[in-house]
>>> print(open('final05.cif').read())   # mmCIF, C-alpha atoms
data_final
#
loop_
_atom_site.label_atom_id
_atom_site.label_comp_id
_atom_site.auth_asym_id
_atom_site.auth_seq_id
_atom_site.Cartn_x
_atom_site.Cartn_y
_atom_site.Cartn_z
CA ARG E 1 -26.87 148.47 225.21
CA PHE E 2 -23.23 149.41 224.97
CA ARG E 3 -20.72 146.75 224.01
CA THR E 4 -17.47 146.69 225.97
CA ILE E 5 -14.38 146.86 223.79
CA PRO E 6 -11.10 145.68 225.35
CA MET E 7 -8.55 148.48 225.63
CA GLN E 8 -5.26 147.94 223.83
CA GLU E 9 -2.26 148.86 225.92
CA PHE E 10 0.83 150.37 224.31
CA THR E 11 4.01 152.28 225.05
CA TYR E 12 5.00 155.23 222.88
CA VAL E 13 8.58 156.54 222.77
CA ALA E 14 9.00 159.92 221.03
CA LEU E 15 12.12 160.75 219.07
CA PRO E 16 14.30 163.17 221.08
CA SER E 17 15.25 166.24 219.05
CA ARG E 18 15.49 169.98 219.59
CA VAL E 19 14.12 172.18 216.80
CA ILE E 20 14.55 175.92 216.36
CA PHE E 21 12.51 177.63 213.66
CA GLY E 22 12.33 181.22 212.54
CA SER E 23 13.88 184.04 210.53
CA GLY E 24 17.50 184.93 211.31
CA THR E 25 17.94 181.98 213.66
CA LEU E 26 21.36 181.22 212.14
CA ALA E 27 22.72 183.90 214.46
CA ARG E 28 22.08 181.55 217.38
CA VAL E 29 24.19 178.66 216.14
CA GLY E 30 27.23 179.48 218.29
CA ASP E 31 25.19 179.60 221.47
CA GLU E 32 23.43 176.37 220.55
CA VAL E 33 26.70 174.54 219.91
CA GLY E 34 27.87 175.70 223.33
CA ALA E 35 24.57 174.56 224.89
CA LEU E 36 25.35 171.04 223.65
CA GLY E 37 28.58 171.20 225.64
CA CYS E 38 30.64 171.37 222.45
CA SER E 39 33.43 173.74 221.46
CA ARG E 40 35.20 172.05 218.54
CA ALA E 41 32.71 171.84 215.67
CA LEU E 42 33.52 170.46 212.24
CA VAL E 43 31.43 172.31 209.64
CA LEU E 44 30.12 170.20 206.75
CA SER E 45 28.89 171.19 203.28
CA THR E 46 28.94 170.26 199.62
CA PRO E 47 31.55 171.85 197.33
CA GLU E 48 28.80 174.09 195.90
CA GLN E 49 28.08 175.58 199.33
CA GLU E 50 31.65 175.86 200.53
CA ASP E 51 31.59 179.68 200.60
CA ALA E 52 28.52 179.69 202.84
CA ALA E 53 30.13 177.04 205.04
CA ARG E 54 33.29 179.12 205.38
CA ALA E 55 31.16 182.07 206.47
CA LEU E 56 29.46 179.83 209.03
CA LYS E 57 32.82 178.61 210.32
CA ALA E 58 33.93 182.23 210.71
CA GLN E 59 30.68 182.99 212.54
CA LEU E 60 31.29 180.11 214.95
CA GLY E 61 34.74 181.48 215.68
CA GLN E 62 36.40 179.59 218.52
CA HIS E 63 33.60 177.01 218.46
CA ALA E 64 34.79 175.66 215.06
CA VAL E 65 37.97 173.71 214.34
CA GLY E 66 37.60 172.92 210.65
CA LEU E 67 35.60 172.58 207.45
CA PHE E 68 34.87 169.52 205.34
CA ALA E 69 33.24 170.61 202.07
CA ARG E 70 33.04 167.36 200.12
CA ALA E 71 29.60 166.02 200.97
CA ALA E 72 28.09 164.16 198.01
CA MET E 73 24.73 162.80 196.93
CA HIS E 74 23.72 159.39 198.34
CA THR E 75 26.43 159.61 201.03
CA PRO E 76 29.28 157.54 199.54
CA VAL E 77 31.02 155.52 202.25
CA GLU E 78 34.47 156.56 201.02
CA VAL E 79 33.58 160.24 201.53
CA THR E 80 32.26 159.46 205.01
CA GLU E 81 35.48 157.68 205.95
CA GLU E 82 37.48 160.69 204.80
CA ALA E 83 35.26 163.01 206.85
CA VAL E 84 35.56 160.79 209.93
CA ALA E 85 39.35 160.85 209.61
CA THR E 86 39.24 164.65 209.39
CA ALA E 87 37.03 164.88 212.48
CA GLN E 88 39.35 162.61 214.44
CA LYS E 89 42.46 164.47 213.31
CA LEU E 90 40.95 167.81 214.38
CA LYS E 91 39.53 166.28 217.60
CA ALA E 92 36.08 167.60 216.71
CA ASP E 93 33.43 167.13 219.38
CA CYS E 94 30.43 167.76 217.10
CA VAL E 95 29.46 168.34 213.47
CA VAL E 96 27.49 171.25 212.03
CA ALA E 97 25.91 170.36 208.68
CA LEU E 98 24.91 173.26 206.43
CA GLY E 99 22.99 172.32 203.30
CA GLY E 100 20.48 169.86 201.92
CA GLY E 101 20.09 166.10 202.08
CA SER E 102 23.65 165.31 200.98
CA THR E 103 25.25 167.26 203.80
CA THR E 104 22.71 166.07 206.35
CA GLY E 105 23.40 162.49 205.27
CA LEU E 106 27.12 162.97 205.76
CA GLY E 107 26.56 164.30 209.27
CA LYS E 108 24.39 161.30 210.08
CA ALA E 109 26.98 158.88 208.69
CA ILE E 110 29.70 160.49 210.82
CA ALA E 111 27.48 160.29 213.91
CA LEU E 112 26.79 156.61 213.25
CA ARG E 113 30.51 155.86 213.33
CA THR E 114 31.64 158.28 216.04
CA ASP E 115 28.50 159.16 218.05
CA LEU E 116 29.36 162.86 217.70
CA PRO E 117 26.45 165.26 218.34
CA GLN E 118 24.92 166.84 215.23
CA VAL E 119 23.63 170.31 214.48
CA VAL E 120 21.83 170.49 211.15
CA ILE E 121 21.08 173.76 209.36
CA PRO E 122 18.90 172.89 206.33
CA THR E 123 18.99 175.10 203.25
CA THR E 124 16.38 173.03 201.37
CA TYR E 125 13.24 171.16 202.40
CA ALA E 126 15.07 167.81 202.46
CA GLY E 127 13.29 166.56 205.58
CA SER E 128 15.84 163.87 206.38
CA GLU E 129 17.13 165.94 209.31
CA MET E 130 14.01 164.91 211.26
CA THR E 131 14.33 161.15 210.79
CA PRO E 132 16.61 158.47 212.31
CA ILE E 133 17.14 157.06 208.82
CA LEU E 134 20.37 157.02 206.82
CA GLY E 135 20.99 155.97 203.24
CA GLN E 136 24.57 155.18 202.19
CA THR E 137 26.25 154.08 198.97
CA GLU E 138 29.14 151.63 198.77
CA HIS E 139 30.47 150.02 195.58
CA GLY E 140 27.52 151.45 193.69
CA VAL E 141 24.90 149.87 195.99
CA LYS E 142 22.70 152.03 198.22
CA THR E 143 21.50 150.61 201.53
CA THR E 144 19.22 152.16 204.11
CA LEU E 145 19.25 151.76 207.87
CA ARG E 146 17.34 153.05 210.86
CA ASN E 147 19.26 153.91 214.03
CA ASP E 148 18.53 156.50 216.72
CA LYS E 149 22.25 157.39 216.75
CA VAL E 150 21.84 159.24 213.44
CA LEU E 151 19.00 161.48 214.64
CA PRO E 152 20.43 165.03 214.97
CA GLU E 153 20.44 166.57 218.44
CA LEU E 154 19.54 170.01 217.05
CA VAL E 155 17.86 171.14 213.85
CA LEU E 156 18.08 174.88 213.25
CA TYR E 157 15.67 176.14 210.60
CA ASP E 158 16.35 179.63 209.29
CA VAL E 159 13.74 180.37 206.63
CA ASP E 160 15.97 183.10 205.19
CA LEU E 161 18.32 180.39 203.90
CA THR E 162 15.62 178.99 201.61
CA LEU E 163 14.48 182.24 200.01
CA GLY E 164 17.07 182.07 197.24
CA LEU E 165 16.14 178.58 196.08
CA PRO E 166 15.10 178.35 192.41
CA VAL E 167 11.39 177.65 191.99
CA ALA E 168 11.99 174.22 190.44
CA LEU E 169 14.30 173.19 193.28
CA SER E 170 11.81 174.44 195.87
CA GLY E 171 9.13 172.24 194.33
CA THR E 172 11.17 169.05 194.12
CA SER E 173 12.71 169.63 197.54
CA GLY E 174 9.27 170.09 199.09
CA ILE E 175 8.03 166.83 197.58
CA ASN E 176 11.13 165.09 198.89
CA ALA E 177 10.37 166.40 202.38
CA ILE E 178 6.89 164.88 202.20
CA ALA E 179 8.45 161.56 201.16
CA HIS E 180 10.78 161.64 204.18
CA ALA E 181 7.83 162.41 206.47
CA VAL E 182 6.06 159.29 205.23
CA GLU E 183 9.28 157.25 205.26
CA GLY E 184 9.88 157.98 208.93
CA GLN E 185 6.61 156.42 210.11
CA PRO E 186 6.47 152.65 209.39
CA GLY E 187 9.16 151.56 211.82
CA ARG E 188 7.29 153.24 214.68
CA ALA E 189 3.74 152.85 213.50
CA SER E 190 0.95 153.98 215.80
CA PRO E 191 -0.13 151.02 217.95
CA GLY E 192 -3.72 151.68 216.95
CA ARG E 193 -2.81 151.15 213.31
CA ARG E 194 -0.12 148.49 213.57
CA ARG E 195 -1.30 144.98 212.83
CA ASP E 196 -0.06 141.98 214.74
CA ARG E 197 3.10 140.86 212.96
CA ASN E 198 2.07 137.24 213.58
CA GLN E 199 -1.01 137.72 211.45
CA ALA E 200 -0.87 136.61 207.87
CA PRO E 201 -0.61 139.46 205.35
CA ARG E 202 -3.76 140.52 203.57
CA PRO E 203 -3.90 140.10 199.78
CA HIS E 204 -3.37 143.80 199.05
CA GLU E 205 -0.36 143.83 201.40
CA GLU E 206 1.21 140.93 199.55
CA ARG E 207 0.70 142.66 196.20
CA CYS E 208 2.17 145.89 197.56
CA ALA E 209 5.15 143.99 198.99
CA GLU E 210 5.86 142.24 195.70
CA ARG E 211 5.61 145.51 193.76
CA GLN E 212 7.91 147.38 196.11
CA GLN E 213 10.43 144.53 196.31
CA ALA E 214 10.69 144.58 192.52
CA LEU E 215 11.14 148.36 192.41
CA HIS E 216 13.32 148.81 195.50
CA PRO E 217 15.03 145.54 196.48
CA HIS E 218 17.19 147.28 199.11
CA GLY E 219 14.61 149.69 200.44
CA ASP E 220 12.95 147.63 203.17
CA CYS E 221 15.77 146.85 205.59
CA PHE E 222 14.49 149.09 208.39
CA TYR E 223 10.90 147.84 208.46
CA PRO E 224 10.25 145.33 211.25
CA GLN E 225 7.39 143.41 209.63
CA PRO E 226 8.68 140.99 207.00
CA TRP E 227 5.70 141.59 204.76
CA VAL E 228 5.82 145.39 204.79
CA ARG E 229 7.96 146.66 201.94
CA SER E 230 6.91 150.27 201.67
CA PRO E 231 5.04 153.03 203.50
CA ARG E 232 3.07 153.62 200.32
CA ARG E 233 -0.48 152.44 200.09
CA PRO E 234 -1.39 150.15 197.20
CA VAL E 235 -2.04 152.14 194.06
CA ARG E 236 -5.35 151.47 192.40
CA PRO E 237 -5.14 150.78 188.67
#
>>> encode(input="final05.cif", output="structure tokens")
Amino acid sequence: RFRTIPMQEFTYVALPSRVIFGSGTLARVGDEVGALGCSRALVLSTPEQEDAARALKAQLGQHAVGLFARAAMHTPVEVTEEAVATAQKLKADCVVALGGGSTTGLGKAIALRTDLPQVVIPTTYAGSEMTPILGQTEHGVKTTLRNDKVLPELVLYDVDLTLGLPVALSGTSGINAIAHAVEGQPGRASPGRRRDRNQAPRPHEERCAERQQALHPHGDCFYPQPWVRSPRRPVRP
């Protein structure tokens, strides 16, 4: 005899994002900015990639109104405020971030405060461009938040931009991308795998929570379940 198992109902909402992938796709950036209904892009980069950002600004031509090349690691709030002021002064209607996680983070931070559309052109395997997660640093303290406003409208992958990466950087950047892929899941866990938040935590979940709280006291602010501290599974001794 077959036993009837009650069906669990759920609603799934996918993250809205447009992704272009290929070789030489950077040539399409002007058309894509126009497709977003934008014509006054502020190009973002780190100081190390300023030359490439200037070339991108020149490529955008009339679609670009300025360049902000002071993105920094861990997205300092003071840098973001300076970038927001620049965007407002230039009356930018979107941001185009060229670079790795630092530049992508700056674009997200600007979008959080201004709701400007984002175009992200990764030059590493950072992975953060595909998540609605933003980490910021203020007064030496890094906090993390989850908000759909920071999810880029367009991610343009041009594999040619990654070919010059040093081998060591390629390796660490790839591992970081995997970490971001895992990081992006807990807040929207599959209904089939999510436990009822009213249930008491299991012993291994409590141990994992205690371990992660000790290691990352500020790293759990975007997880809805109070007992979930990390996407990582418990590590066996």
>>> closest_residue(input="final05.cif", among="E:Thr75, E:Val182, E:Val65, E:Leu98", to="E:Lys142", atoms="all atoms listed in the file")
E:Thr75
>>> atom_distance(input="final05.cif", atom1="atom CA of E:Ala87", atom2="atom CA of E:Thr143")
23.8 Å
>>> residues_around(input="final05.cif", residues="E:Thr114", least_positions_apart="5", cutoff="12 Å", atoms="only C-alpha atoms", output="compact mmCIF listing (two decimals) with C-alpha atoms, in the coordinates of the input")
# COMPACT_ATOMS: atom_id res chain seq x y z
CA THR E 80 32.26 159.46 205.01
CA GLU E 81 35.48 157.68 205.95
CA ALA E 83 35.26 163.01 206.85
CA VAL E 84 35.56 160.79 209.93
CA ALA E 85 39.35 160.85 209.61
CA THR E 86 39.24 164.65 209.39
CA ALA E 87 37.03 164.88 212.48
CA GLN E 88 39.35 162.61 214.44
CA LYS E 91 39.53 166.28 217.60
CA ALA E 92 36.08 167.60 216.71
CA ASP E 93 33.43 167.13 219.38
CA CYS E 94 30.43 167.76 217.10
CA VAL E 95 29.46 168.34 213.47
CA GLY E 107 26.56 164.30 209.27
CA LYS E 108 24.39 161.30 210.08
CA ALA E 109 26.98 158.88 208.69
CA LYS E 149 22.25 157.39 216.75
CA VAL E 150 21.84 159.24 213.44
>>> resolve_selection(input="final05.cif", expression="the PyMOL selection byres ((chain E and resi 69) around 12)", output="number ranges by chain")
E: 42-54, 57, 66-68, 70-72, 79-80, 82-83, 86, 96-99, 102-103, 106-107
>>> closest_residue(input="final05.cif", among="E:Ala41, E:Met130, E:Ala179, E:Val120", to="E:Leu26", atoms="all atoms listed in the file")
E:Val120
>>> closest_residue(input="final05.cif", among="E:Ala58, E:Gln136, E:Leu156, E:Val13", to="E:Met73", atoms="only C-alpha atoms")
E:Gln136
>>> atom_distance(input="final05.cif", atom1="atom CA of E:His74", atom2="atom CA of E:Ile133")
12.6 Å
>>> atom_distance(input="final05.cif", atom1="atom CA of E:Glu78", atom2="atom CA of E:Thr137")
8.8 Å
>>> residues_around(input="final05.cif", residues="stretch 151-155 of chain E", least_positions_apart="4", cutoff="12 Å", atoms="all atoms listed in the file", output="ChimeraX atom specification")
/E:14-22,25-26,28-29,31-38,94-99,104-112,115-123,127-134,145-147,184
>>> residues_near_point(input="final05.cif", point="(15.1, 169.0, 203.3)", cutoff="6 Å", atoms="only C-alpha atoms", output="number ranges by chain")
E: 100-101, 124-127, 177
>>> axis_aligned_box(input="final05.cif", around="stretch 77-89 of chain E", padding_each_side="6 Å", output="AutoDock Vina command-line options")
--center_x 36.7 --center_y 160.2 --center_z 207.7 --size_x 23.4 --size_y 21.4 --size_z 25.4
>>> build_atoms(input="final05.cif", residues="stretch 9-20 of chain E", atoms="N, CA and C atoms", output="PDB file, keeping the file's coordinate frame")
ATOM      1  N   GLU E   9      -3.332 148.152 225.245  1.00  0.00           N
ATOM      2  CA  GLU E   9      -2.260 148.860 225.920  1.00  0.00           C
ATOM      3  C   GLU E   9      -1.084 149.050 224.967  1.00  0.00           C
ATOM      4  N   PHE E  10      -0.361 150.139 225.123  1.00  0.00           N
ATOM      5  CA  PHE E  10       0.830 150.370 224.310  1.00  0.00           C
ATOM      6  C   PHE E  10       1.760 151.334 225.015  1.00  0.00           C
ATOM      7  N   THR E  11       2.998 151.341 224.576  1.00  0.00           N
ATOM      8  CA  THR E  11       4.010 152.280 225.050  1.00  0.00           C
ATOM      9  C   THR E  11       4.519 153.069 223.867  1.00  0.00           C
ATOM     10  N   TYR E  12       4.532 154.387 223.972  1.00  0.00           N
ATOM     11  CA  TYR E  12       5.000 155.230 222.880  1.00  0.00           C
ATOM     12  C   TYR E  12       6.267 155.954 223.307  1.00  0.00           C
ATOM     13  N   VAL E  13       7.320 155.858 222.500  1.00  0.00           N
ATOM     14  CA  VAL E  13       8.580 156.540 222.770  1.00  0.00           C
ATOM     15  C   VAL E  13       8.803 157.576 221.667  1.00  0.00           C
ATOM     16  N   ALA E  14       8.810 158.850 222.017  1.00  0.00           N
ATOM     17  CA  ALA E  14       9.000 159.920 221.030  1.00  0.00           C
ATOM     18  C   ALA E  14      10.475 160.065 220.698  1.00  0.00           C
ATOM     19  N   LEU E  15      10.743 160.515 219.479  1.00  0.00           N
ATOM     20  CA  LEU E  15      12.120 160.750 219.070  1.00  0.00           C
ATOM     21  C   LEU E  15      12.640 162.035 219.708  1.00  0.00           C
ATOM     22  N   PRO E  16      13.773 161.972 220.413  1.00  0.00           N
ATOM     23  CA  PRO E  16      14.300 163.170 221.080  1.00  0.00           C
ATOM     24  C   PRO E  16      15.043 164.073 220.090  1.00  0.00           C
ATOM     25  N   SER E  17      14.581 165.295 219.942  1.00  0.00           N
ATOM     26  CA  SER E  17      15.250 166.240 219.050  1.00  0.00           C
ATOM     27  C   SER E  17      14.825 167.653 219.415  1.00  0.00           C
ATOM     28  N   ARG E  18      15.777 168.568 219.326  1.00  0.00           N
ATOM     29  CA  ARG E  18      15.490 169.980 219.590  1.00  0.00           C
ATOM     30  C   ARG E  18      15.401 170.698 218.249  1.00  0.00           C
ATOM     31  N   VAL E  19      14.345 171.480 218.064  1.00  0.00           N
ATOM     32  CA  VAL E  19      14.120 172.180 216.800  1.00  0.00           C
ATOM     33  C   VAL E  19      13.947 173.673 217.067  1.00  0.00           C
ATOM     34  N   ILE E  20      14.690 174.470 216.310  1.00  0.00           N
ATOM     35  CA  ILE E  20      14.550 175.920 216.360  1.00  0.00           C
ATOM     36  C   ILE E  20      14.100 176.392 214.996  1.00  0.00           C
TER      37      ILE E  20
END
